[in-house]
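Asker: A single structure is presented below for examination.
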Amino acid sequence: MKVAIIGAGVGGMASACRLAKLGCEVEIYEKNSKAGGRLSNFQENGFRVDTGPTLLLMPWVLRRLFEDLGRKMEDYLELKQLHPIYRIYFEDGSRIEPSSDAKKMIEEISKISKKDADAYSRYLADYRKYYQIALSEFIEKNFDSPLDMLSLRSISALLSSGALRDMYSKTGDYFSDPRVRIAFSLQSVYIGAAPTKLPAVYGLIPYVEFTEGVWYPKGGLYSIAEALIALCNELGVRIHTSRGVERIMVEDGVAKGLALADGTKAEADAVISNADLPYTYLRLIDERHRPHMTDSKVLSLKTSCSAFMLYLGIEGEVGLPHHSFILPSDYLKTFEDIFDRKAMPQKPGIYIANPCAHDSSLAPEGKSIIYVLIPVPNLSSGIDWKKEAPKLREIALRKLEEIGVKDIEKRIVMERVFTPYDWKEAYGLENGATFGLSPHLLQSAAFRPPNKDRKIKRLYFVGASTHPGSGIPIVLLSAELIEKRFRDDFGLG
Ligand SMILES: Cc1cc2nc3c(=O)[nH]c(=O)nc-3n(C[C@H](O)[C@H](O)[C@H](O)COP(=O)(O)OP(=O)(O)OC[C@H]3O[C@@H](n4cnc5c(N)ncnc54)[C@H](O)[C@@H]3O)c2cc1C
């Protein structure tokens with residue numbers, strides 16, 4: 001069976017390998033000059049800078065990919081667990097360094113609130129249950145229709161995991177100090193949403209961090225993309241870079257292959273789009289073939305926030321942990337600015353990575369890298385990024401100075417900026433929405449656009465904007481769900 005995949009992101013490459021293992025002949029067509037998608041990096045003057053992901057969660061999902069393909073992850077990647085997980089700088093001068101060691105975590109919470117520290121064991125016990133329920137009922141399972149959520153089992157799973165409340169308010173069941181509550185909900189930015197707008201079940205992200213840890217692959221996160229490329233090569237998957245797809249060919253309601261930007265065609269028995277789902281419908285499928293997903297329906301889907309990025313090469317050491325967050329005291333207001341006012345956050349939350357803290361191979365001797373990510377409104381806000389980018393850069397540099405990175409401006413030897421325009425341009429993300437479709441309740445699990453088109457036969461989706469959602473491990477799970485689909489639909493394996 002011939003399968004054509006649009007896009008060599010994590011989802012495209014992982015599903016390609018899984019299907020090749022089942023005996024399919026798989027070709028990936030990628031518009032960019034290198035594979036990896038948002039899991040990318042650049043190299044300049046001896047710096048090797050990750051541009052997208054910096055934290056690896058749920059490493060067991062990545063390990064399972066290698067095992068399912070009959071390989072050992074250790075032969076491809078060297079993973080290191082980070083201690084502490086990160087440092088959070090609050091505006092009042094207090095700090096917390098979450099840890100995946102429960103004893104240390106309790107000590108850290110105690111520095112802020114003894115009462116909240118006492119609640120940690122109860123939190124762990126509850127979330128252990130929610131995690132198992134969420135994995136089996138919502139995450140590792142294909143959905144065909146929202147009606148699939150109407151089973152008694154699903155409804156009781158939804159209710160027991162508190163999915164009908166929001167992530168931030170759920171933290172109040174355990175903790176009362178606002179800083180602790182933020183430490184247990186700031187992770188909503190990993191998927192581009194406000195903690196007050198996400199179902200409480202996403203509170204599993206901090207739980208996973210605080211129990212399974214945060215991991216780092218030597219050489220940077222792009223090493224994961226390189227490992228996936230190696231797997232593709234070994235399994236006979238051909239990745240055609242710099243070969244963009246212009247159209248999915250549909251005949252009599254069946255996907256027949258791809259029309260490429262260079263004028264050639266790639267016929268196939270099935271098509272999988274790893275390009276972002278809204279973009280795939282809007283730009284790659286003629287509207288007459290999709291009465292169920294008209295332009296207006298696709299445009300009514302909510303997209304995540306975007307991200308302003310600053311990548312710096314610095315003379316000397318940075319003196320920060322691998323990951324840090326610098327948060328304003330009115331952190332939740334940042335999200336009102338981003339999502340409700342659609343305006344530049346007046347006091348942004350800032351994430352900083354200092355990857356050289358664990359990996360000196362990423363920079364020339366005596367130099368370091370600083371990676372800055374600031375969540376910002378997506379392009380639906382109409383913000384003029386030519387005007388705003390320099391202002392945000394100034395804010396970021398000032399905050400870095402405040403937390404101890406002295407004379408930063410003078411020490412910059414390499415600099416690149418990425419704005420929401422770049423996310424749209426580089427990866428076809430509608431509205432420059434860095435994390436794809438928003439994961440709020442009505443776009444999660446069975447309510448998220450499914451990975452199998454409802455009308456066009458033999459058309460599938462893999463990646464951040466289909467089920468289960470965004471983030472490397474979750475996209476890897478989406479590739480597992482594609483394998484399940486192909487086993488069921490085509491009797492493979
Ligand atoms: C700044 C940033 C920070 C992040 N941090 C983390 C983190 O710390 N940890 C984590 O787990 N996740 C993180 N993520 C999320 C993670 O990167 C994504 O969820 C994941 O990489 C998405 O993979 P994907 O396979 O869905 O799609 P993508 O990576 O978007 O890949 C899709 C591919 O399709 C290609 N394509 C698009 N249109 C066409 C076309 N017409 N023809 C051919 N090819 C096409 C694109 O070029 C791209 O290569 C971060 C993302 C960003 C952007």
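How things are named: the first chain in the structure tokens is A, the next is B, and so on; residues count from 1 in each chain; ligands count from 1 in the order shown.
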List all protein, DNA and RNA residues that have any atom at most 7 Å from ligand 1, counting only C-alpha atoms and all ligand atoms, and write the list as a count of residues only.
Answerer: 47
Asker: Quick one: residues within 8 Å of stretch 194-206 of chain A, only C-alpha atoms counted, chain neighbours fewer than 6 positions away excluded, as a count of residues only?
Answerer: 25
Asker: Just the alpha helix (DSSP H) stuff from stretch 303-433 of chain A, please, per backbone DSSP, written as JSON, numbers by chain.
Answerer: {"A": [331, 332, 333, 334, 335, 385, 386, 387, 388, 389, 390, 391, 392, 393, 394, 395, 396, 397, 398, 399, 400, 401, 402, 408, 409, 410, 411, 420, 421, 422, 423, 424, 425, 426, 427]}
Asker: Neighbours of A:Ile403 within 12 Å (only C-alpha atoms; same-chain residues fewer than 6 positions away dropped), as number ranges by chain?
Answerer: A: 87-91, 93-95, 318-321, 324-327, 350, 352, 396-397
Asker: Using only N, CA and C atoms, please write the residues we just selected to a file, as a JSON list (two decimals), in the first residue's frame.
Answerer:
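Contents of the output file part.json:
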```json
[["chain", "number", "residue", "atom", "x", "y", "z"],
["A", 87, "ARG", "N", 13.16, 27.06, 37.32],
["A", 87, "ARG", "CA", 13.04, 28.05, 38.40],
["A", 87, "ARG", "C", 11.97, 29.05, 37.98],
["A", 88, "ILE", "N", 11.08, 29.37, 38.94],
["A", 88, "ILE", "CA", 10.08, 30.40, 38.65],
["A", 88, "ILE", "C", 10.43, 31.63, 39.47],
["A", 89, "TYR", "N", 10.64, 32.75, 38.78],
["A", 89, "TYR", "CA", 10.89, 34.02, 39.45],
["A", 89, "TYR", "C", 9.57, 34.77, 39.53],
["A", 90, "PHE", "N", 9.11, 35.06, 40.76],
["A", 90, "PHE", "CA", 7.89, 35.88, 40.91],
["A", 90, "PHE", "C", 8.29, 37.34, 41.10],
["A", 91, "GLU", "N", 7.34, 38.21, 40.80],
["A", 91, "GLU", "CA", 7.64, 39.64, 40.80],
["A", 91, "GLU", "C", 8.02, 40.15, 42.21],
["A", 93, "GLY", "N", 9.92, 38.87, 44.23],
["A", 93, "GLY", "CA", 11.28, 38.45, 44.61],
["A", 93, "GLY", "C", 11.35, 37.01, 45.09],
["A", 94, "SER", "N", 10.20, 36.37, 45.34],
["A", 94, "SER", "CA", 10.25, 34.97, 45.76],
["A", 94, "SER", "C", 10.48, 34.07, 44.54],
["A", 95, "ARG", "N", 10.91, 32.85, 44.83],
["A", 95, "ARG", "CA", 11.21, 31.89, 43.75],
["A", 95, "ARG", "C", 10.75, 30.51, 44.17],
["A", 318, "VAL", "N", 25.72, 32.39, 31.44],
["A", 318, "VAL", "CA", 24.46, 33.07, 31.71],
["A", 318, "VAL", "C", 24.11, 33.01, 33.20],
["A", 319, "GLY", "N", 24.50, 31.93, 33.85],
["A", 319, "GLY", "CA", 24.27, 31.81, 35.29],
["A", 319, "GLY", "C", 22.83, 31.54, 35.67],
["A", 320, "LEU", "N", 22.05, 30.99, 34.74],
["A", 320, "LEU", "CA", 20.66, 30.64, 35.05],
["A", 320, "LEU", "C", 20.50, 29.13, 34.95],
["A", 321, "PRO", "N", 19.44, 28.57, 35.58],
["A", 321, "PRO", "CA", 19.18, 27.14, 35.38],
["A", 321, "PRO", "C", 18.80, 26.88, 33.92],
["A", 324, "SER", "N", 13.79, 28.67, 33.00],
["A", 324, "SER", "CA", 13.27, 29.64, 33.99],
["A", 324, "SER", "C", 12.01, 30.30, 33.45],
["A", 325, "PHE", "N", 11.15, 30.69, 34.39],
["A", 325, "PHE", "CA", 9.99, 31.52, 34.05],
["A", 325, "PHE", "C", 10.08, 32.80, 34.88],
["A", 326, "ILE", "N", 9.87, 33.93, 34.25],
["A", 326, "ILE", "CA", 9.83, 35.20, 34.98],
["A", 326, "ILE", "C", 8.38, 35.68, 34.88],
["A", 327, "LEU", "N", 7.68, 35.67, 36.02],
["A", 327, "LEU", "CA", 6.24, 35.91, 35.94],
["A", 327, "LEU", "C", 5.81, 37.16, 36.73],
["A", 350, "ILE", "N", 7.48, 35.49, 30.89],
["A", 350, "ILE", "CA", 8.63, 35.23, 30.01],
["A", 350, "ILE", "C", 9.24, 33.87, 30.37],
["A", 352, "ILE", "N", 12.57, 31.45, 29.74],
["A", 352, "ILE", "CA", 13.97, 31.52, 29.29],
["A", 352, "ILE", "C", 14.59, 30.13, 29.32],
["A", 396, "ALA", "N", 12.38, 41.95, 27.41],
["A", 396, "ALA", "CA", 13.04, 40.67, 27.73],
["A", 396, "ALA", "C", 14.45, 40.91, 28.25],
["A", 397, "LEU", "N", 15.20, 41.81, 27.60],
["A", 397, "LEU", "CA", 16.58, 42.06, 28.02],
["A", 397, "LEU", "C", 16.60, 42.68, 29.42]]
```
Asker: So which residues touch A:His358 within 9 Å, counting only C-alpha atoms, skipping near sequence neighbours fewer than 5 positions away, as a PyMOL selection string?
Answerer: chain A and resi 80+82+216+218+321-322
Asker: Closest to A:Thr241 among A:Ile224, A:Pro355, A:Gln443, A:Leu260, using only C-alpha atoms?
Answerer: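 Smallest separation from A:Thr241 among the options: A:Leu260.
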Asker: Between A:Thr211, A:Ser156, A:Ser176, A:Ser304, which residue has the minimum interatomic distance to A:Lys103, considering only C-alpha atoms?
Answerer: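 Closest to A:Lys103, using only C-alpha atoms: A:Thr211.
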Asker: Quick one: everything within 9 Å of A:Pro59, counting only C-alpha atoms, minus sequence neighbours fewer than 4 positions away in the same chain. Send it as a ChimeraX atom specification.
Answerer: /A:63-64,79,212-215,473
Asker: Could you write those residues out with C-alpha atoms, as a JSON list (two decimals), in the first residue's frame?
Answerer:
```json
[["chain", "number", "residue", "atom", "x", "y", "z"],
["A", 63, "ARG", "CA", 10.93, 5.20, 24.02],
["A", 64, "ARG", "CA", 7.83, 3.25, 22.95],
["A", 79, "LEU", "CA", 18.47, 11.74, 27.53],
["A", 212, "GLU", "CA", 8.02, 11.82, 35.52],
["A", 213, "GLY", "CA", 10.38, 14.79, 35.25],
["A", 214, "VAL", "CA", 11.54, 17.03, 32.42],
["A", 215, "TRP", "CA", 14.19, 15.64, 30.11],
["A", 473, "PRO", "CA", 4.86, 13.23, 23.21]]
```
Asker: Could you check how far atom CA of A:Leu235 sits from atom CA of A:Met13, in Å to one decimal?
Answerer: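 Interatomic distance, atom CA of A:Leu235 to atom CA of A:Met13: 10.9 Å.
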Asker: From the options A:Cys232, A:Leu221, A:Ala14, A:Ile112, which residue's atoms come nearest to A:Glu78, counting only C-alpha atoms?
Answerer: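 So, comparing all the options, the nearest one is A:Leu221.
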Asker: Pick the closest to A:Leu442 from A:Pro146, A:Pro84, A:Gly313, A:Pro98: which is it, counting only C-alpha atoms?
Answerer: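 For A:Leu442, the nearest of the given residues is A:Pro146.
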Asker: For the atom pair atom CA of A:Gly349 and atom CA of A:Thr171, what is the interatomic distance in Å to one decimal place?
Answerer: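 Those two atoms sit 19.2 Å apart.
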Asker: Do you know which residues are at most 10 Å from stretch 481-493 of chain A counting only C-alpha atoms, after dropping those on the same chain fewer than 2 positions away, and could you put them as number ranges by chain?
Answerer: A: 1, 11, 14-19, 21-24, 139-143, 270, 272, 451-452, 458, 460-462, 467-468, 475-479
Asker: So what do you get for atom CA of A:Ile106 versus atom CA of A:Asp92, distance-wise?
Answerer: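 These atoms are spaced 20.9 Å apart.
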Asker: If you take only C-alpha atoms and a cut-off of 9 Å, which residues of stretch 368-466 of chain A touch stretch 286-299 of chain A, and what are their nearest atom pairs and distances in Å to one decimal, in chain and number order, as JSON lines?
Answerer:
```
{"residue": "A:Glu430", "atom": "CA", "partner": "A:Leu299", "partner_atom": "CA", "distance": 9.0}
{"residue": "A:Arg454", "atom": "CA", "partner": "A:His292", "partner_atom": "CA", "distance": 7.8}
{"residue": "A:Lys455", "atom": "CA", "partner": "A:His292", "partner_atom": "CA", "distance": 7.4}
{"residue": "A:Ile456", "atom": "CA", "partner": "A:His289", "partner_atom": "CA", "distance": 7.5}
```
Asker: Could the residues in this selection be written to a file with C-alpha atoms, as a PDB file, in the first residue's frame?
Answerer:
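Output (again.pdb):
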```
ATOM      1  CA  GLU A 430      -3.179  29.771  10.572  1.00  0.00           C
ATOM      2  CA  ARG A 454     -15.433  12.399   8.081  1.00  0.00           C
ATOM      3  CA  LYS A 455     -16.255  12.465   4.340  1.00  0.00           C
ATOM      4  CA  ILE A 456     -13.163  12.189   2.157  1.00  0.00           C
TER       5      ILE A 456
END
```
Asker: From a DSSP calculation on the backbone, collect every residue of stretch 211-438 of chain A in strand (DSSP E or B) and output the set as a VMD selection string.
Answerer: chain A and resid 215 to 217 238 to 240 245 to 251 254 to 260 265 to 267 270 to 273 303 306 to 315 323 to 327 350 to 353 367 to 376 412 to 418 437
